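Enquirer: Supplied structure: start.pdb, PDB, C-alpha atoms.
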```pdb
ATOM      1  CA  MET P   1     -44.444   3.042 -44.583  1.00  0.00           C
ATOM      2  CA  SER P   2     -42.252   1.684 -41.815  1.00  0.00           C
ATOM      3  CA  GLN P   3     -38.987   2.565 -43.574  1.00  0.00           C
ATOM      4  CA  ASN P   4     -38.142   5.967 -44.969  1.00  0.00           C
ATOM      5  CA  ILE P   5     -34.373   6.301 -45.209  1.00  0.00           C
ATOM      6  CA  VAL P   6     -34.603   9.193 -47.637  1.00  0.00           C
ATOM      7  CA  ASP P   7     -37.361  11.617 -48.529  1.00  0.00           C
ATOM      8  CA  LEU P   8     -36.211  13.506 -51.591  1.00  0.00           C
ATOM      9  CA  PRO P   9     -38.878  15.545 -53.293  1.00  0.00           C
ATOM     10  CA  ILE P  10     -37.523  16.577 -56.677  1.00  0.00           C
ATOM     11  CA  ASP P  11     -39.219  19.604 -58.129  1.00  0.00           C
ATOM     12  CA  ALA P  12     -39.363  19.339 -61.920  1.00  0.00           C
ATOM     13  CA  THR P  13     -38.103  22.926 -62.185  1.00  0.00           C
ATOM     14  CA  ILE P  14     -34.603  21.813 -61.116  1.00  0.00           C
ATOM     15  CA  LEU P  15     -34.282  19.192 -63.851  1.00  0.00           C
ATOM     16  CA  ASP P  16     -33.630  21.565 -66.753  1.00  0.00           C
ATOM     17  CA  PRO P  17     -30.866  23.486 -64.919  1.00  0.00           C
ATOM     18  CA  LEU P  18     -29.431  20.181 -63.668  1.00  0.00           C
ATOM     19  CA  ASP P  19     -29.362  18.727 -67.181  1.00  0.00           C
ATOM     20  CA  ALA P  20     -27.823  21.971 -68.464  1.00  0.00           C
ATOM     21  CA  ALA P  21     -25.084  21.756 -65.815  1.00  0.00           C
ATOM     22  CA  ILE P  22     -24.333  18.147 -66.782  1.00  0.00           C
ATOM     23  CA  THR P  23     -24.234  19.133 -70.462  1.00  0.00           C
ATOM     24  CA  GLN P  24     -21.862  21.998 -69.584  1.00  0.00           C
ATOM     25  CA  MET P  25     -19.568  19.568 -67.741  1.00  0.00           C
ATOM     26  CA  GLU P  26     -19.606  17.201 -70.718  1.00  0.00           C
ATOM     27  CA  SER P  27     -18.819  20.073 -73.092  1.00  0.00           C
ATOM     28  CA  SER P  28     -16.088  21.493 -70.869  1.00  0.00           C
ATOM     29  CA  LEU P  29     -14.463  18.077 -70.598  1.00  0.00           C
ATOM     30  CA  ALA P  30     -14.888  17.057 -74.248  1.00  0.00           C
ATOM     31  CA  GLY P  31     -11.256  15.898 -74.294  1.00  0.00           C
ATOM     32  CA  LEU P  32     -11.918  13.093 -71.820  1.00  0.00           C
ATOM     33  CA  ILE P  33     -11.407   9.623 -73.233  1.00  0.00           C
ATOM     34  CA  SER P  34     -12.950   6.198 -72.702  1.00  0.00           C
ATOM     35  CA  LEU P  35     -10.762   3.143 -72.390  1.00  0.00           C
ATOM     36  CA  THR P  36     -11.764  -0.400 -73.161  1.00  0.00           C
ATOM     37  CA  PRO P  37     -11.418  -2.943 -70.356  1.00  0.00           C
ATOM     38  CA  GLN P  38      -8.413  -4.410 -72.205  1.00  0.00           C
ATOM     39  CA  GLN P  39      -6.755  -0.983 -72.452  1.00  0.00           C
ATOM     40  CA  ARG P  40      -7.294  -0.459 -68.712  1.00  0.00           C
ATOM     41  CA  ARG P  41      -5.619  -3.788 -67.971  1.00  0.00           C
ATOM     42  CA  ASP P  42      -2.687  -3.092 -70.300  1.00  0.00           C
ATOM     43  CA  LEU P  43      -1.849   0.415 -69.060  1.00  0.00           C
ATOM     44  CA  THR P  44       1.101   1.100 -66.789  1.00  0.00           C
ATOM     45  CA  LYS P  45      -0.621   2.448 -63.663  1.00  0.00           C
ATOM     46  CA  MET P  46       0.504   5.301 -61.425  1.00  0.00           C
ATOM     47  CA  GLY P  47      -0.169   4.655 -57.737  1.00  0.00           C
ATOM     48  CA  GLU P  48       0.563   6.866 -54.740  1.00  0.00           C
ATOM     49  CA  LYS P  49       4.233   5.889 -54.548  1.00  0.00           C
ATOM     50  CA  SER P  50       4.607   6.158 -58.309  1.00  0.00           C
ATOM     51  CA  GLU P  51       3.208   9.683 -58.292  1.00  0.00           C
ATOM     52  CA  ALA P  52       6.208  10.976 -56.341  1.00  0.00           C
ATOM     53  CA  PHE P  53       8.465   9.127 -58.813  1.00  0.00           C
ATOM     54  CA  CYS P  54       6.720  10.820 -61.758  1.00  0.00           C
ATOM     55  CA  ARG P  55       6.941  14.288 -60.214  1.00  0.00           C
ATOM     56  CA  THR P  56      10.641  13.818 -59.489  1.00  0.00           C
ATOM     57  CA  ALA P  57      11.249  12.523 -63.016  1.00  0.00           C
ATOM     58  CA  LEU P  58       9.473  15.579 -64.448  1.00  0.00           C
ATOM     59  CA  ASN P  59      11.661  17.900 -62.368  1.00  0.00           C
ATOM     60  CA  VAL P  60      14.812  16.065 -63.494  1.00  0.00           C
ATOM     61  CA  ALA P  61      13.707  16.164 -67.141  1.00  0.00           C
ATOM     62  CA  GLN P  62      12.982  19.905 -66.886  1.00  0.00           C
ATOM     63  CA  GLN P  63      16.322  20.676 -65.239  1.00  0.00           C
ATOM     64  CA  HIS P  64      18.336  18.416 -67.545  1.00  0.00           C
ATOM     65  CA  ALA P  65      16.465  18.524 -70.838  1.00  0.00           C
ATOM     66  CA  GLY P  66      19.760  18.036 -72.700  1.00  0.00           C
ATOM     67  CA  ILE P  67      20.073  14.400 -71.572  1.00  0.00           C
ATOM     68  CA  MET P  68      16.677  13.433 -72.957  1.00  0.00           C
ATOM     69  CA  ALA P  69      16.202  11.913 -76.419  1.00  0.00           C
ATOM     70  CA  ARG P  70      15.273  14.424 -79.108  1.00  0.00           C
ATOM     71  CA  ASP P  71      11.859  12.886 -79.614  1.00  0.00           C
ATOM     72  CA  PHE P  72      11.033  12.973 -75.872  1.00  0.00           C
ATOM     73  CA  ASP P  73       7.962  15.202 -75.455  1.00  0.00           C
ATOM     74  CA  LEU P  74       8.861  17.211 -72.368  1.00  0.00           C
ATOM     75  CA  GLN P  75       6.029  19.672 -72.982  1.00  0.00           C
ATOM     76  CA  GLY P  76       3.575  16.768 -73.234  1.00  0.00           C
ATOM     77  CA  PHE P  77       4.942  15.421 -69.938  1.00  0.00           C
ATOM     78  CA  GLN P  78       4.422  18.838 -68.346  1.00  0.00           C
ATOM     79  CA  ARG P  79       0.891  19.178 -69.809  1.00  0.00           C
ATOM     80  CA  ASP P  80      -0.100  15.744 -68.505  1.00  0.00           C
ATOM     81  CA  GLN P  81       1.110  16.620 -65.007  1.00  0.00           C
ATOM     82  CA  GLN P  82      -0.663  19.971 -65.084  1.00  0.00           C
ATOM     83  CA  ALA P  83      -3.903  18.429 -66.364  1.00  0.00           C
ATOM     84  CA  LEU P  84      -3.805  15.792 -63.628  1.00  0.00           C
ATOM     85  CA  ASP P  85      -3.182  18.426 -60.962  1.00  0.00           C
ATOM     86  CA  LEU P  86      -6.082  20.527 -62.235  1.00  0.00           C
ATOM     87  CA  LEU P  87      -8.508  17.611 -62.631  1.00  0.00           C
ATOM     88  CA  ARG P  88      -7.870  15.880 -59.302  1.00  0.00           C
ATOM     89  CA  PRO P  89      -9.857  18.271 -57.055  1.00  0.00           C
ATOM     90  CA  ARG P  90     -12.771  18.133 -59.507  1.00  0.00           C
ATOM     91  CA  ILE P  91     -12.571  14.347 -59.689  1.00  0.00           C
ATOM     92  CA  LEU P  92     -12.836  14.182 -55.901  1.00  0.00           C
ATOM     93  CA  ARG P  93     -15.858  16.480 -55.851  1.00  0.00           C
ATOM     94  CA  ILE P  94     -17.596  14.568 -58.644  1.00  0.00           C
ATOM     95  CA  ALA P  95     -16.761  11.216 -57.000  1.00  0.00           C
ATOM     96  CA  HIS P  96     -18.219  12.438 -53.710  1.00  0.00           C
ATOM     97  CA  LEU P  97     -21.368  13.654 -55.481  1.00  0.00           C
ATOM     98  CA  TYR P  98     -21.611  10.381 -57.425  1.00  0.00           C
ATOM     99  CA  GLN P  99     -21.342   8.383 -54.187  1.00  0.00           C
ATOM    100  CA  ARG P 100     -24.116  10.457 -52.599  1.00  0.00           C
ATOM    101  CA  ILE P 101     -26.302  10.000 -55.696  1.00  0.00           C
ATOM    102  CA  THR P 102     -25.792   6.221 -55.751  1.00  0.00           C
ATOM    103  CA  ASP P 103     -26.338   5.965 -51.981  1.00  0.00           C
ATOM    104  CA  THR P 104     -29.569   7.934 -52.378  1.00  0.00           C
ATOM    105  CA  GLU P 105     -30.617   5.708 -55.288  1.00  0.00           C
ATOM    106  CA  MET P 106     -29.984   2.631 -53.134  1.00  0.00           C
ATOM    107  CA  ALA P 107     -31.914   4.092 -50.193  1.00  0.00           C
ATOM    108  CA  LEU P 108     -34.850   5.044 -52.442  1.00  0.00           C
ATOM    109  CA  GLY P 109     -34.908   1.520 -53.863  1.00  0.00           C
ATOM    110  CA  SER P 110     -34.795   0.064 -50.358  1.00  0.00           C
ATOM    111  CA  ASP P 111     -37.644   2.341 -49.239  1.00  0.00           C
ATOM    112  CA  LEU P 112     -39.670   1.230 -52.266  1.00  0.00           C
ATOM    113  CA  MET P 113     -38.987  -2.460 -51.615  1.00  0.00           C
ATOM    114  CA  ALA P 114     -39.886  -2.125 -47.920  1.00  0.00           C
ATOM    115  CA  ALA P 115     -43.162  -0.374 -48.801  1.00  0.00           C
ATOM    116  CA  ALA P 116     -43.985  -2.917 -51.517  1.00  0.00           C
ATOM    117  CA  LEU P 117     -43.339  -5.761 -49.074  1.00  0.00           C
ATOM    118  CA  GLU P 118     -45.712  -4.114 -46.593  1.00  0.00           C
ATOM    119  CA  VAL P 119     -48.391  -3.924 -49.298  1.00  0.00           C
ATOM    120  CA  TYR P 120     -47.819  -7.572 -50.234  1.00  0.00           C
ATOM    121  CA  GLY P 121     -47.929  -8.616 -46.566  1.00  0.00           C
ATOM    122  CA  ALA P 122     -51.182  -6.732 -46.045  1.00  0.00           C
ATOM    123  CA  LEU P 123     -52.681  -8.387 -49.136  1.00  0.00           C
ATOM    124  CA  LYS P 124     -51.685 -11.828 -47.887  1.00  0.00           C
ATOM    125  CA  VAL P 125     -53.261 -11.223 -44.461  1.00  0.00           C
ATOM    126  CA  ALA P 126     -56.142  -8.794 -44.915  1.00  0.00           C
ATOM    127  CA  GLY P 127     -56.837  -9.058 -48.627  1.00  0.00           C
ATOM    128  CA  LYS P 128     -58.247 -12.577 -48.713  1.00  0.00           C
ATOM    129  CA  GLY P 129     -61.786 -12.763 -50.030  1.00  0.00           C
ATOM    130  CA  LYS P 130     -61.935  -9.056 -50.841  1.00  0.00           C
ATOM    131  CA  GLY P 131     -61.420  -9.318 -54.585  1.00  0.00           C
ATOM    132  CA  LEU P 132     -57.659  -8.845 -54.259  1.00  0.00           C
ATOM    133  CA  ASP P 133     -56.594 -12.396 -55.091  1.00  0.00           C
ATOM    134  CA  GLU P 134     -55.337 -11.384 -58.544  1.00  0.00           C
ATOM    135  CA  ALA P 135     -53.294  -8.502 -57.099  1.00  0.00           C
ATOM    136  CA  ARG P 136     -51.834 -10.841 -54.471  1.00  0.00           C
ATOM    137  CA  ARG P 137     -50.926 -13.427 -57.137  1.00  0.00           C
ATOM    138  CA  SER P 138     -49.409 -10.719 -59.316  1.00  0.00           C
ATOM    139  CA  LEU P 139     -47.221  -9.429 -56.497  1.00  0.00           C
ATOM    140  CA  GLY P 140     -46.411 -12.970 -55.377  1.00  0.00           C
ATOM    141  CA  ALA P 141     -45.012 -13.745 -58.818  1.00  0.00           C
ATOM    142  CA  ARG P 142     -41.896 -11.811 -57.761  1.00  0.00           C
ATOM    143  CA  TRP P 143     -41.041 -14.605 -55.310  1.00  0.00           C
ATOM    144  CA  ARG P 144     -41.924 -17.609 -57.441  1.00  0.00           C
ATOM    145  CA  VAL P 145     -39.064 -19.628 -58.845  1.00  0.00           C
ATOM    146  CA  SER P 146     -39.732 -20.778 -62.390  1.00  0.00           C
ATOM    147  CA  SER P 147     -39.878 -24.508 -62.985  1.00  0.00           C
ATOM    148  CA  GLN P 148     -36.960 -24.218 -65.416  1.00  0.00           C
ATOM    149  CA  GLU P 149     -34.740 -22.809 -62.661  1.00  0.00           C
ATOM    150  CA  THR P 150     -35.598 -25.619 -60.227  1.00  0.00           C
ATOM    151  CA  GLU P 151     -35.245 -28.489 -62.673  1.00  0.00           C
ATOM    152  CA  LYS P 152     -31.916 -30.233 -62.515  1.00  0.00           C
ATOM    153  CA  PRO P 153     -30.255 -31.026 -65.846  1.00  0.00           C
ATOM    154  CA  ASP P 154     -29.854 -34.665 -66.805  1.00  0.00           C
ATOM    155  CA  ILE P 155     -26.235 -35.696 -66.768  1.00  0.00           C
TER
END
```
How would this structure read if it were set down as structure tokens?

Expert:
Amino acid sequence: MSQNIVDLPIDATILDPLDAAITQMESSLAGLISLTPQQRRDLTKMGEKSEAFCRTALNVAQQHAGIMARDFDLQGFQRDQQALDLLRPRILRIAHLYQRITDTEMALGSDLMAAALEVYGALKVAGKGKGLDEARRSLGARWRVSSQETEKPDI
């Protein structure tokens, strides 16, 4: 194999503890929600500059609770801020781990494709007349464009 970006032997004995850890995370964060794409679009978003605005507004609301409407949920506001502050470091760690996992997945896929292309190349060159024609045709099917894709529609 001419390309080997990643060599990651995974011992089956780590899978059960890994799955248990993921299950524990899911259980610990059972209150997490899922938004629809439409809900994501419709939400008022908090960016970096808005975060300072929100923190200042929380401080003002705490110091001057008497000016707020009776139905204003100051404790809910405080809980949301606290939950965000507690989740953020974990979000960063999980995001970093997720990025490493997806990068590794991409590298493994690239290694596999490079090796498969080497096999196909060897079949095309050295496999002729050695009973490997069917294997070469089978692998070559990956690169064939179907006749339906190449036909132009009548207009």

Enquirer: Separation of atom CA of Leu112 of chain P and atom CA of Ser2 of chain P, in Å?

Expert: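 That distance, rounded to one decimal, is 10.8 Å.
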
Enquirer: Between atom CA of Tyr120 of chain P and atom CA of Met1 of chain P, what is the distance in Å, rounded to a tenth?

Expert: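 Taking atom CA of Tyr120 of chain P as the start and atom CA of Met1 of chain P as the end point, the length is 12.5 Å.
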
Enquirer: As an exercise, work out the distance from atom CA of Cys54 of chain P to atom CA of Asp80 of chain P in Å and give it to one decimal place.

Expert: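 Value for the atom CA of Cys54 of chain P-atom CA of Asp80 of chain P distance: 10.8 Å.
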
Enquirer: Excluding segment 45-53 of chain P and residues on its chain fewer than 5 positions from it, collect all residues at most 12 Å away from it, counting all atoms listed in the file, and give them as an NGL selection string.

Expert: :P and (39-40 or 58-60 or 81 or 84-85)

Enquirer: For segment 21-32 of chain P, what centre and edge lengths in Å (one decimal) does the axis-aligned box get once 6 Å is added on each side of all its listed atoms, as lines of an AutoDock Vina configuration file?

Expert:
```
center_x = -18.2
center_y = 17.5
center_z = -70.1
size_x = 25.8
size_y = 20.9
size_z = 20.5
```

Enquirer: Name the residues captured by the PyMOL selection byres ((chain P and resi 4-17) around 10) when it is applied to the shown file; answer as a ChimeraX atom specification.

Expert: /P:1-3,18-23,103-112,114-115

Enquirer: May I have the residues within 12 Å of segment 87-94 of chain P as number ranges by chain, using only C-alpha atoms and disregarding those fewer than 6 positions away in the same chain?

Expert: P: 22, 25, 28-29, 32, 79-81, 100-101

Enquirer: Can you write out the residues you just picked, keeping C-alpha atoms, as a PDB file, in the frame of the given file?

Expert:
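After the write, part09.pdb holds the following:
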```pdb
ATOM      1  CA  ILE P  22     -24.333  18.147 -66.782  1.00  0.00           C
ATOM      2  CA  MET P  25     -19.568  19.568 -67.741  1.00  0.00           C
ATOM      3  CA  SER P  28     -16.088  21.493 -70.869  1.00  0.00           C
ATOM      4  CA  LEU P  29     -14.463  18.077 -70.598  1.00  0.00           C
ATOM      5  CA  LEU P  32     -11.918  13.093 -71.820  1.00  0.00           C
ATOM      6  CA  ARG P  79       0.891  19.178 -69.809  1.00  0.00           C
ATOM      7  CA  ASP P  80      -0.100  15.744 -68.505  1.00  0.00           C
ATOM      8  CA  GLN P  81       1.110  16.620 -65.007  1.00  0.00           C
ATOM      9  CA  ARG P 100     -24.116  10.457 -52.599  1.00  0.00           C
ATOM     10  CA  ILE P 101     -26.302  10.000 -55.696  1.00  0.00           C
TER      11      ILE P 101
END
```

Enquirer: Name the residues that the PyMOL selection byres ((chain P and resi 137-142) around 12) picks from the file above, as a list in words, using the file's chain letters and numbers.

Expert: Met113, Ala116, Leu117, Glu118, Val119, Tyr120, Gly121, Ala122, Leu123, Lys124, Gly127, Lys128, Gly131, Leu132, Asp133, Glu134, Ala135, Arg136, Trp143, Arg144, Val145 and Ser146 of chain P
